[in-house]
Amino acid sequence: MKKMDRIEIDEDGIKALLGRFESNTLNDSDKQIIVLIVQAYFWIQSSLKEAKMSIKRLRNCFGFSNTEKRKNLSAASPSQAVLIEGEEDVLIEADESDAVQKPSQNLLDLSPFIDPDAQEDNLIKEPAKGHGRLSHEDYVGADVQEHAHESLSRGDPCPNGCGGKLYFFKPKIMVCLKGNSLVTATKHILEKLRCNLCSEIFTAFPANLSLKKYDETVKAQVAIAKFKMGLPNYRLEKWQDMIGVPLKDSTQWDLIKSLADDIEPVYLVMEKLAAQGELISHDDTPARILSCIKENKTRQPGERTGMFTTSIVSRVQNRLICLFYPGRKHSGENMSDLMAMRSPDWGPFLRMCDALNVNLKLKFLEILCLCLAHGRRKFYEIYEYFPGECGCVIDALALVYKYEAISKKEKMEPLKRLAYHQEKSAPILNALKDWMVKTFEEAQVEPNSSLGKAMQYMLKHWDGLTRFLQVPGALLDNNFVERTLKVQIMSRKNSLFYKTEPSAAISGKITSLIHTCFENKGNPLAYLVALQQNSARVSKSPESWLPWNYRETMEGLEEERAPPLAA
C-alpha cells in the first residue's frame, strides 16, 4: 500500500466532524476526510507489520532465531486454523471435533501430492541397539597395546583341571582415556664433560633424539585449534600458562606463518583443481579486518568498505575442495578469479549460489542453480503475519525435500534422481507456481508487501530455483557451503577479527587445507605434520601431497627406505 497524503485537520475540525457525523449531516468534504482517515489507518497497520518483519530479520542477523524448522513456527499451521475471509491476520482455532474445516479460497491444496511412502515417519531410521555409545573402533587415533596373559599361553592345560587345553579367544578390549594439554613440553638435561687440560667440552647427545624446540605437531595443533576449532591464540596462551608450558600468542602466530609457507605449494595446486570442478558452490559471510576498518575511516563516499569471507566448494571427481578467501572481495569476484584458472577445454559446470545481483551478473560457461532454501526463508520469516499463504509454500517445499531425502537414502544415480524428482516434485512445484501466479492475477496479495515480494522472488528466479528438475546432479540448495562458513563464523565470534589482509589470507589458506582434509575423511593433524616433515618433496611435486593421496605417497617413500630382502 502506498503512503497516504497528509490530512490537514486540527482538533476543532475533528470535533466539528464528529458532531456532523452524530447528527448525520456529513457533506462531501467530510466524506473525503473520513475516507482518507480509514485509508491512513490501514496504511499504518500495514507499515507496522512490515516494520515488525524487518526487526525480526534484523534479530535473526544477530543470532536471535531458531533453526528454520516447521515445528519452530509460532503461529498455527494452515491445517489447524481457518483464515477469516478478508482478515489475513485473524485466526480461528479449529475444533478437533469438527468433521469438516472451512478451507480458505486462496490457499493451495497439497493433499493430491502427498505420497504415503514419503512421510517423515517412514524416513526416520530406527536407532540401532546401543545407539549413542562409541565402539572401540571409533578410536582410530588411539595407541594400541597388546597384553599377553601373565601366566597362561595357548596349548596349556586348563587351570580348572577339567583336562581341556586353552586356545585363543576373542580378546577383551578396553579403551582408557587420558587428559593432556594441547602442547606439551619435555625438558632434556644433557650431561656435559669438560677436559681439565684442553678445556674441550663434550655434550651427551643420544642417538635418534630430536632437539627441535617446536615440533611439527606443535604447528599443526596450534593451526587446527585456531582455524578449525575457533580457539584464539591469546586463549591458548592462557591455557598453556596455567599448565606450566608457556606459549605466547606472538610465538603461535610465527609458527602459523611458518606452516603457511610449507603448505603453499599444495594450496596452489588445490586451487587450480577446484577451478576444474563439475559442481561449484559459493557464498559469503561478513569478516572483520582491523587494517581495512582503519582504511574505511579515510575512504571517500562510494569507495568499497565491505569485508567478507568467501567459501567456495568444488566437487572434482567425487572429491570435495573447500576454499576460503577473507578480504574485501565478495564471493562473485573471488569466483571470477578462480574461473580464470579454468581450462577452456572443460565444458559447462553447475554453479550453485543465491540470487544476489552480484552473483547473477557473472557469466561463465555454466548451468546456474539457485538456492531453494533462500526462497523458502523469505516465507519462513513472515509466517507469523501470513500463516496461510506461507504455510502453503513451506509445506509444498517440505514435500520436495522429503523426496530428496528418499533419493539420498536410496543412493540414486543422478539420472535416476532426476527422473524421480520429475515424477514426484515437478507436479508440486508446478502447482505452487500456478497458485502464486493466480494469487497475483486475482489481486489477493499486495505486490509491495513482504508476502508479495517473497512470491515475486520465487517467480522471478523460478528456473534457477528448480534446476534440479532439469539437470542431473543439480543441488536443491546451497546449505553445504553455508555449513562450511560456520568454521569462519565460529572463528569470528571467538577471535573477533584479523589484524591485516595478509594475515587473513594466511588464515584462508590454512583453513582451506584443514577443512578439505576433514571433508575427505582425513586426519588434518597427521596431514599437516606430513607436509612439514616432507616440505622439500612437497615443493617439488605438490600434486602428490593432496589430502586424499598423500598417504599413498608416504607409503611409497617407506618402501623406498626399506632395506632389500635377502636373497
# chains A, B, ... in the order shown; residues from 1 in each chain; ligands from 1

call {"tool": "residues_around", "arguments": {"residues": "Pro472 of chain A", "least_positions_apart": "2", "cutoff": "12 Å", "atoms": "only C-alpha atoms", "output": "PDB file with C-alpha atoms, in the first residue's frame"}}
result
ATOM      1  CA  GLU A 278      31.965 -30.096 -12.275  1.00  0.00           C
ATOM      2  CA  LEU A 279      29.866 -28.544  -9.472  1.00  0.00           C
ATOM      3  CA  PHE A 349      29.773 -26.709 -14.890  1.00  0.00           C
ATOM      4  CA  LEU A 350      26.966 -26.469 -12.357  1.00  0.00           C
ATOM      5  CA  ILE A 367      24.486 -24.057 -15.675  1.00  0.00           C
ATOM      6  CA  CYS A 369      21.429 -23.215  -9.978  1.00  0.00           C
ATOM      7  CA  MET A 412      20.078 -42.846  -6.559  1.00  0.00           C
ATOM      8  CA  GLU A 413      22.314 -42.142  -9.516  1.00  0.00           C
ATOM      9  CA  PRO A 414      21.958 -38.599 -10.988  1.00  0.00           C
ATOM     10  CA  LEU A 415      19.760 -39.662 -13.907  1.00  0.00           C
ATOM     11  CA  LYS A 416      17.514 -41.799 -11.713  1.00  0.00           C
ATOM     12  CA  ARG A 417      17.267 -38.984  -9.165  1.00  0.00           C
ATOM     13  CA  LEU A 418      16.329 -36.535 -11.934  1.00  0.00           C
ATOM     14  CA  ALA A 419      13.554 -38.830 -13.192  1.00  0.00           C
ATOM     15  CA  TYR A 420      12.325 -39.346  -9.628  1.00  0.00           C
ATOM     16  CA  HIS A 421      12.077 -35.607  -8.941  1.00  0.00           C
ATOM     17  CA  GLN A 422      10.392 -35.017 -12.300  1.00  0.00           C
ATOM     18  CA  THR A 466      14.091 -25.586  -9.941  1.00  0.00           C
ATOM     19  CA  ARG A 467      17.221 -26.506 -11.894  1.00  0.00           C
ATOM     20  CA  PHE A 468      17.287 -29.899 -10.159  1.00  0.00           C
ATOM     21  CA  LEU A 469      14.199 -30.760 -12.248  1.00  0.00           C
ATOM     22  CA  GLN A 470      16.139 -30.185 -15.475  1.00  0.00           C
ATOM     23  CA  ALA A 474      21.906 -30.248  -9.669  1.00  0.00           C
ATOM     24  CA  LEU A 475      21.522 -29.379  -5.989  1.00  0.00           C
ATOM     25  CA  LEU A 476      18.396 -28.053  -4.305  1.00  0.00           C
TER      26      LEU A 476
END

call {"tool": "closest_residue", "arguments": {"among": "A:Val222, A:Val393, A:Tyr267, A:Lys294", "to": "Trp253 of chain A", "atoms": "only C-alpha atoms"}}
result
A:Val222

call {"tool": "closest_residue", "arguments": {"among": "A:Ala454, A:Lys226, A:Leu290, A:Ala355", "to": "Cys390 of chain A", "atoms": "only C-alpha atoms"}}
result
A:Ala454

call {"tool": "closest_residue", "arguments": {"among": "A:Leu368, A:Ile428, A:Ala185, A:Ile510", "to": "Pro348 of chain A", "atoms": "only C-alpha atoms"}}
result
A:Leu368

call {"tool": "residues_around", "arguments": {"residues": "segment 181-183 of chain A", "least_positions_apart": "2", "cutoff": "12 Å", "atoms": "only C-alpha atoms", "output": "ChimeraX atom specification"}}
result
/A:178-179,185-186,213-226,231,235-248,252

call {"tool": "write_last_selection", "arguments": {"atoms": "N, CA and C atoms", "output": "tab-separated table (two decimals), in the first residue's frame"}}
result
chain	number	residue	atom	x	y	z
A	178	LYS	N	43.05	-40.47	28.62
A	178	LYS	CA	43.96	-39.73	29.47
A	178	LYS	C	43.97	-38.27	29.04
A	179	GLY	N	43.82	-37.37	29.99
A	179	GLY	CA	43.82	-35.95	29.67
A	179	GLY	C	45.23	-35.47	29.36
A	185	ALA	N	55.56	-30.27	26.80
A	185	ALA	CA	56.99	-29.99	26.72
A	185	ALA	C	57.78	-31.08	27.43
A	186	THR	N	58.94	-31.38	26.90
A	186	THR	CA	59.87	-32.31	27.52
A	186	THR	C	61.19	-31.56	27.76
A	213	LYS	N	62.93	-27.23	19.11
A	213	LYS	CA	62.12	-26.63	20.16
A	213	LYS	C	60.63	-26.72	19.84
A	214	TYR	N	60.29	-26.48	18.57
A	214	TYR	CA	58.89	-26.56	18.17
A	214	TYR	C	58.74	-27.68	17.15
A	215	ASP	N	58.15	-28.77	17.59
A	215	ASP	CA	57.95	-29.93	16.74
A	215	ASP	C	56.88	-29.63	15.68
A	216	GLU	N	56.85	-30.44	14.63
A	216	GLU	CA	55.83	-30.25	13.58
A	216	GLU	C	54.41	-30.34	14.14
A	217	THR	N	54.26	-31.19	15.16
A	217	THR	CA	52.92	-31.35	15.75
A	217	THR	C	52.46	-30.07	16.44
A	218	VAL	N	53.40	-29.28	16.95
A	218	VAL	CA	53.01	-28.03	17.62
A	218	VAL	C	52.37	-27.08	16.62
A	219	LYS	N	53.00	-26.90	15.47
A	219	LYS	CA	52.44	-26.01	14.45
A	219	LYS	C	51.06	-26.50	14.00
A	220	ALA	N	50.95	-27.80	13.80
A	220	ALA	CA	49.68	-28.36	13.34
A	220	ALA	C	48.59	-28.19	14.40
A	221	GLN	N	48.93	-28.46	15.66
A	221	GLN	CA	47.94	-28.34	16.74
A	221	GLN	C	47.46	-26.91	16.89
A	222	VAL	N	48.38	-25.96	16.87
A	222	VAL	CA	48.01	-24.55	17.03
A	222	VAL	C	47.13	-24.10	15.87
A	223	ALA	N	47.48	-24.50	14.64
A	223	ALA	CA	46.70	-24.09	13.47
A	223	ALA	C	45.29	-24.67	13.50
A	224	ILE	N	45.15	-25.94	13.85
A	224	ILE	CA	43.83	-26.57	13.91
A	224	ILE	C	42.99	-25.95	15.02
A	225	ALA	N	43.64	-25.70	16.17
A	225	ALA	CA	42.90	-25.10	17.28
A	225	ALA	C	42.34	-23.74	16.91
A	226	LYS	N	43.10	-22.95	16.16
A	226	LYS	CA	42.66	-21.60	15.81
A	226	LYS	C	41.69	-21.60	14.64
A	231	LEU	N	39.67	-21.42	18.44
A	231	LEU	CA	40.33	-21.08	19.70
A	231	LEU	C	41.33	-19.95	19.46
A	235	ARG	N	43.79	-17.07	24.05
A	235	ARG	CA	43.14	-18.01	24.97
A	235	ARG	C	44.00	-19.26	25.15
A	236	LEU	N	44.62	-19.71	24.07
A	236	LEU	CA	45.53	-20.84	24.18
A	236	LEU	C	46.74	-20.46	25.03
A	237	GLU	N	47.20	-19.22	24.90
A	237	GLU	CA	48.32	-18.76	25.72
A	237	GLU	C	47.98	-18.85	27.21
A	238	LYS	N	46.77	-18.45	27.59
A	238	LYS	CA	46.36	-18.53	28.99
A	238	LYS	C	46.30	-19.97	29.46
A	239	TRP	N	45.81	-20.83	28.60
A	239	TRP	CA	45.72	-22.26	28.96
A	239	TRP	C	47.11	-22.85	29.18
A	240	GLN	N	48.02	-22.56	28.27
A	240	GLN	CA	49.37	-23.09	28.40
A	240	GLN	C	50.07	-22.53	29.64
A	241	ASP	N	49.81	-21.28	29.98
A	241	ASP	CA	50.39	-20.71	31.20
A	241	ASP	C	49.89	-21.45	32.44
A	242	MET	N	48.62	-21.82	32.44
A	242	MET	CA	48.06	-22.50	33.60
A	242	MET	C	48.71	-23.85	33.86
A	243	ILE	N	49.09	-24.56	32.79
A	243	ILE	CA	49.66	-25.90	32.96
A	243	ILE	C	51.18	-25.87	32.98
A	244	GLY	N	51.77	-24.68	32.96
A	244	GLY	CA	53.22	-24.57	33.11
A	244	GLY	C	54.02	-24.81	31.85
A	245	VAL	N	53.39	-24.72	30.67
A	245	VAL	CA	54.11	-24.84	29.40
A	245	VAL	C	53.80	-23.59	28.58
A	246	PRO	N	54.49	-22.47	28.84
A	246	PRO	CA	54.14	-21.20	28.20
A	246	PRO	C	54.28	-21.26	26.67
A	247	LEU	N	53.35	-20.60	26.00
A	247	LEU	CA	53.38	-20.49	24.54
A	247	LEU	C	52.70	-19.17	24.17
A	248	LYS	N	53.49	-18.13	23.98
A	248	LYS	CA	52.97	-16.80	23.74
A	248	LYS	C	52.17	-16.73	22.44
A	252	GLN	N	52.87	-18.24	18.68
A	252	GLN	CA	51.91	-19.08	17.94
A	252	GLN	C	51.73	-18.56	16.51
